[in-house]
Amino acid sequence: MKALGSRCSVLERGDLKYLQASLPLREGAGKKQQRIPLGRVSLKEAELEGVRLGQMLRSETFAWELWEQGDEVPTGVITAGEFRAAARRLWEKNLGAHTSWRQKWGPALRKLPEGDGVPLTEKFLVAIVEGL
């Protein structure tokens with residue numbers, strides 16, 4: 001994964017997967033090596049999440065709220081409502097003031113299906129982004 005420039009590693013402990021990277025502290029300034037639990041996902045799914053994390057770290061859009069699952073075990077599927085909620089949290093952190101938000105994220109969010117419980121696949125999201 002590091003060869004792909006994702007700046008993180010996939011760790012396996014039994015049947016559980018984790019991402020490990022130098023991440024911002026949850027409170028305060030600075031970074032340190034930390035793990036993000038992914039649950040019982042395939043190695044392929046963990047690697048895809050690692051690529052996503054690497055992109056967030058490179059673009060400095062990482063937010064802990066996007067990765068915290070509580071007691072839920074991640075399924076690798078996100079719904080339209082969860083996607084909108086994550087976008088709303090980023091907007092509230094003043095990312096909405098950036099031009100890239102208005103020009104890229106806003107149009108993509110408007111193309112999501114209406115129902116909050118509609119699952120979004122990677123193929124569907126890629127099609128939205130490529131259509132912009």
# chains A, B, ... in the order shown; residues from 1 in each chain; ligands from 1
>>> select_by_dssp(residues="chain A", states="alpha helix (DSSP H)", output="PyMOL selection string")
chain A and resi 43-59+80-92+99-100+106-110+122-130
>>> write_last_selection(atoms="C-alpha atoms", output="PDB file, in the first residue's frame")
ATOM      1  CA  LEU A  43      -8.197  -7.756   2.655  1.00  0.00           C
ATOM      2  CA  LYS A  44      -9.356  -6.161  -0.616  1.00  0.00           C
ATOM      3  CA  GLU A  45     -11.908  -3.989   1.246  1.00  0.00           C
ATOM      4  CA  ALA A  46      -9.254  -3.018   3.805  1.00  0.00           C
ATOM      5  CA  GLU A  47      -6.869  -2.017   1.014  1.00  0.00           C
ATOM      6  CA  LEU A  48      -9.572   0.122  -0.631  1.00  0.00           C
ATOM      7  CA  GLU A  49     -10.206   1.835   2.697  1.00  0.00           C
ATOM      8  CA  GLY A  50      -6.450   2.350   3.007  1.00  0.00           C
ATOM      9  CA  VAL A  51      -6.355   4.074  -0.369  1.00  0.00           C
ATOM     10  CA  ARG A  52      -9.287   6.272   0.703  1.00  0.00           C
ATOM     11  CA  LEU A  53      -7.492   7.143   3.955  1.00  0.00           C
ATOM     12  CA  GLY A  54      -4.307   7.954   2.029  1.00  0.00           C
ATOM     13  CA  GLN A  55      -6.226  10.302  -0.259  1.00  0.00           C
ATOM     14  CA  MET A  56      -7.742  12.058   2.759  1.00  0.00           C
ATOM     15  CA  LEU A  57      -4.324  12.459   4.362  1.00  0.00           C
ATOM     16  CA  ARG A  58      -2.775  13.844   1.153  1.00  0.00           C
ATOM     17  CA  SER A  59      -5.640  16.296   0.602  1.00  0.00           C
ATOM     18  CA  ALA A  80     -26.879   8.093   0.918  1.00  0.00           C
ATOM     19  CA  GLY A  81     -27.954   9.432   4.325  1.00  0.00           C
ATOM     20  CA  GLU A  82     -24.630   8.531   5.947  1.00  0.00           C
ATOM     21  CA  PHE A  83     -22.771  10.149   3.062  1.00  0.00           C
ATOM     22  CA  ARG A  84     -24.823  13.344   3.407  1.00  0.00           C
ATOM     23  CA  ALA A  85     -24.283  13.366   7.198  1.00  0.00           C
ATOM     24  CA  ALA A  86     -20.497  13.054   6.726  1.00  0.00           C
ATOM     25  CA  ALA A  87     -20.604  15.885   4.172  1.00  0.00           C
ATOM     26  CA  ARG A  88     -22.631  18.023   6.582  1.00  0.00           C
ATOM     27  CA  ARG A  89     -20.017  17.479   9.327  1.00  0.00           C
ATOM     28  CA  LEU A  90     -17.234  18.534   6.951  1.00  0.00           C
ATOM     29  CA  TRP A  91     -19.258  21.585   5.878  1.00  0.00           C
ATOM     30  CA  GLU A  92     -19.696  22.587   9.531  1.00  0.00           C
ATOM     31  CA  THR A  99     -14.230  26.865  -3.677  1.00  0.00           C
ATOM     32  CA  SER A 100     -13.598  23.152  -4.187  1.00  0.00           C
ATOM     33  CA  GLY A 106     -21.927  20.309  -3.906  1.00  0.00           C
ATOM     34  CA  PRO A 107     -22.816  19.024  -7.401  1.00  0.00           C
ATOM     35  CA  ALA A 108     -21.883  15.458  -6.443  1.00  0.00           C
ATOM     36  CA  LEU A 109     -24.084  15.545  -3.328  1.00  0.00           C
ATOM     37  CA  ARG A 110     -27.029  16.836  -5.360  1.00  0.00           C
ATOM     38  CA  GLU A 122     -18.224   2.315  -5.207  1.00  0.00           C
ATOM     39  CA  LYS A 123     -19.276   1.940  -8.860  1.00  0.00           C
ATOM     40  CA  PHE A 124     -22.200   4.329  -8.346  1.00  0.00           C
ATOM     41  CA  LEU A 125     -20.061   6.970  -6.601  1.00  0.00           C
ATOM     42  CA  VAL A 126     -17.347   6.745  -9.262  1.00  0.00           C
ATOM     43  CA  ALA A 127     -20.010   7.238 -11.952  1.00  0.00           C
ATOM     44  CA  ILE A 128     -21.240  10.388 -10.176  1.00  0.00           C
ATOM     45  CA  VAL A 129     -17.735  11.828  -9.903  1.00  0.00           C
ATOM     46  CA  GLU A 130     -16.842  10.973 -13.500  1.00  0.00           C
TER      47      GLU A 130
END
>>> select_by_dssp(residues="range 13-47 of chain A", states="strand (DSSP E)", output="ChimeraX atom specification")
/A:13,16-24,31-39
>>> write_last_selection(atoms="N, CA, C and O atoms", output="PDB file, in the first residue's frame")
ATOM      1  N   ARG A  13      -5.342  -8.760  12.747  1.00  0.00           N
ATOM      2  CA  ARG A  13      -5.274  -9.403  14.059  1.00  0.00           C
ATOM      3  C   ARG A  13      -6.416 -10.398  14.098  1.00  0.00           C
ATOM      4  O   ARG A  13      -7.577 -10.001  14.262  1.00  0.00           O
ATOM      5  N   LEU A  16      -9.849  -9.686  12.205  1.00  0.00           N
ATOM      6  CA  LEU A  16     -10.124  -8.247  12.202  1.00  0.00           C
ATOM      7  C   LEU A  16      -9.036  -7.501  11.444  1.00  0.00           C
ATOM      8  O   LEU A  16      -7.866  -7.877  11.491  1.00  0.00           O
ATOM      9  N   LYS A  17      -9.436  -6.443  10.765  1.00  0.00           N
ATOM     10  CA  LYS A  17      -8.489  -5.611  10.014  1.00  0.00           C
ATOM     11  C   LYS A  17      -8.478  -4.207  10.605  1.00  0.00           C
ATOM     12  O   LYS A  17      -9.493  -3.718  11.094  1.00  0.00           O
ATOM     13  N   TYR A  18      -7.298  -3.570  10.507  1.00  0.00           N
ATOM     14  CA  TYR A  18      -7.099  -2.207  10.985  1.00  0.00           C
ATOM     15  C   TYR A  18      -6.264  -1.451   9.964  1.00  0.00           C
ATOM     16  O   TYR A  18      -5.447  -2.044   9.267  1.00  0.00           O
ATOM     17  N   LEU A  19      -6.453  -0.140   9.913  1.00  0.00           N
ATOM     18  CA  LEU A  19      -5.548   0.722   9.158  1.00  0.00           C
ATOM     19  C   LEU A  19      -4.642   1.395  10.172  1.00  0.00           C
ATOM     20  O   LEU A  19      -5.105   1.823  11.235  1.00  0.00           O
ATOM     21  N   GLN A  20      -3.374   1.501   9.860  1.00  0.00           N
ATOM     22  CA  GLN A  20      -2.444   2.190  10.741  1.00  0.00           C
ATOM     23  C   GLN A  20      -1.742   3.270   9.947  1.00  0.00           C
ATOM     24  O   GLN A  20      -1.267   3.037   8.835  1.00  0.00           O
ATOM     25  N   ALA A  21      -1.703   4.473  10.527  1.00  0.00           N
ATOM     26  CA  ALA A  21      -1.065   5.601   9.853  1.00  0.00           C
ATOM     27  C   ALA A  21      -0.741   6.666  10.886  1.00  0.00           C
ATOM     28  O   ALA A  21      -1.210   6.621  12.018  1.00  0.00           O
ATOM     29  N   SER A  22       0.051   7.632  10.480  1.00  0.00           N
ATOM     30  CA  SER A  22       0.316   8.807  11.304  1.00  0.00           C
ATOM     31  C   SER A  22      -0.888   9.723  11.132  1.00  0.00           C
ATOM     32  O   SER A  22      -1.075  10.334  10.079  1.00  0.00           O
ATOM     33  N   LEU A  23      -1.724   9.794  12.176  1.00  0.00           N
ATOM     34  CA  LEU A  23      -2.998  10.505  12.104  1.00  0.00           C
ATOM     35  C   LEU A  23      -3.035  11.675  13.079  1.00  0.00           C
ATOM     36  O   LEU A  23      -2.368  11.636  14.124  1.00  0.00           O
ATOM     37  N   PRO A  24      -3.854  12.692  12.777  1.00  0.00           N
ATOM     38  CA  PRO A  24      -4.015  13.802  13.718  1.00  0.00           C
ATOM     39  C   PRO A  24      -4.565  13.282  15.046  1.00  0.00           C
ATOM     40  O   PRO A  24      -5.358  12.331  15.075  1.00  0.00           O
ATOM     41  N   LYS A  31       0.415  14.844  15.473  1.00  0.00           N
ATOM     42  CA  LYS A  31       0.071  13.551  14.879  1.00  0.00           C
ATOM     43  C   LYS A  31       0.820  12.458  15.613  1.00  0.00           C
ATOM     44  O   LYS A  31       1.860  12.709  16.225  1.00  0.00           O
ATOM     45  N   LYS A  32       0.288  11.245  15.535  1.00  0.00           N
ATOM     46  CA  LYS A  32       1.007  10.075  16.037  1.00  0.00           C
ATOM     47  C   LYS A  32       0.460   8.842  15.323  1.00  0.00           C
ATOM     48  O   LYS A  32      -0.620   8.876  14.723  1.00  0.00           O
ATOM     49  N   GLN A  33       1.221   7.742  15.369  1.00  0.00           N
ATOM     50  CA  GLN A  33       0.777   6.487  14.769  1.00  0.00           C
ATOM     51  C   GLN A  33      -0.453   6.005  15.526  1.00  0.00           C
ATOM     52  O   GLN A  33      -0.428   5.864  16.748  1.00  0.00           O
ATOM     53  N   GLN A  34      -1.539   5.770  14.775  1.00  0.00           N
ATOM     54  CA  GLN A  34      -2.777   5.313  15.385  1.00  0.00           C
ATOM     55  C   GLN A  34      -3.434   4.296  14.462  1.00  0.00           C
ATOM     56  O   GLN A  34      -3.133   4.233  13.278  1.00  0.00           O
ATOM     57  N   ARG A  35      -4.354   3.515  15.021  1.00  0.00           N
ATOM     58  CA  ARG A  35      -5.074   2.510  14.251  1.00  0.00           C
ATOM     59  C   ARG A  35      -6.538   2.882  14.123  1.00  0.00           C
ATOM     60  O   ARG A  35      -7.131   3.407  15.056  1.00  0.00           O
ATOM     61  N   ILE A  36      -7.096   2.545  12.964  1.00  0.00           N
ATOM     62  CA  ILE A  36      -8.531   2.689  12.721  1.00  0.00           C
ATOM     63  C   ILE A  36      -9.085   1.285  12.522  1.00  0.00           C
ATOM     64  O   ILE A  36      -8.687   0.589  11.592  1.00  0.00           O
ATOM     65  N   PRO A  37     -10.010   0.851  13.403  1.00  0.00           N
ATOM     66  CA  PRO A  37     -10.569  -0.494  13.239  1.00  0.00           C
ATOM     67  C   PRO A  37     -11.525  -0.557  12.049  1.00  0.00           C
ATOM     68  O   PRO A  37     -12.336   0.338  11.839  1.00  0.00           O
ATOM     69  N   LEU A  38     -11.398  -1.617  11.260  1.00  0.00           N
ATOM     70  CA  LEU A  38     -12.291  -1.823  10.119  1.00  0.00           C
ATOM     71  C   LEU A  38     -13.259  -2.974  10.363  1.00  0.00           C
ATOM     72  O   LEU A  38     -14.238  -3.117   9.641  1.00  0.00           O
ATOM     73  N   GLY A  39     -12.971  -3.811  11.337  1.00  0.00           N
ATOM     74  CA  GLY A  39     -13.841  -4.946  11.622  1.00  0.00           C
ATOM     75  C   GLY A  39     -13.495  -6.149  10.761  1.00  0.00           C
ATOM     76  O   GLY A  39     -12.375  -6.306  10.300  1.00  0.00           O
TER      77      GLY A  39
END
>>> atom_distance(atom1="CA of Thr121 in chain A", atom2="CA of Ile78 in chain A")
7.5 Å
>>> closest_residue(among="A:Trp64, A:Gly131, A:Cys8, A:Gly117", to="Lys104 in chain A", atoms="only C-alpha atoms")
A:Gly131
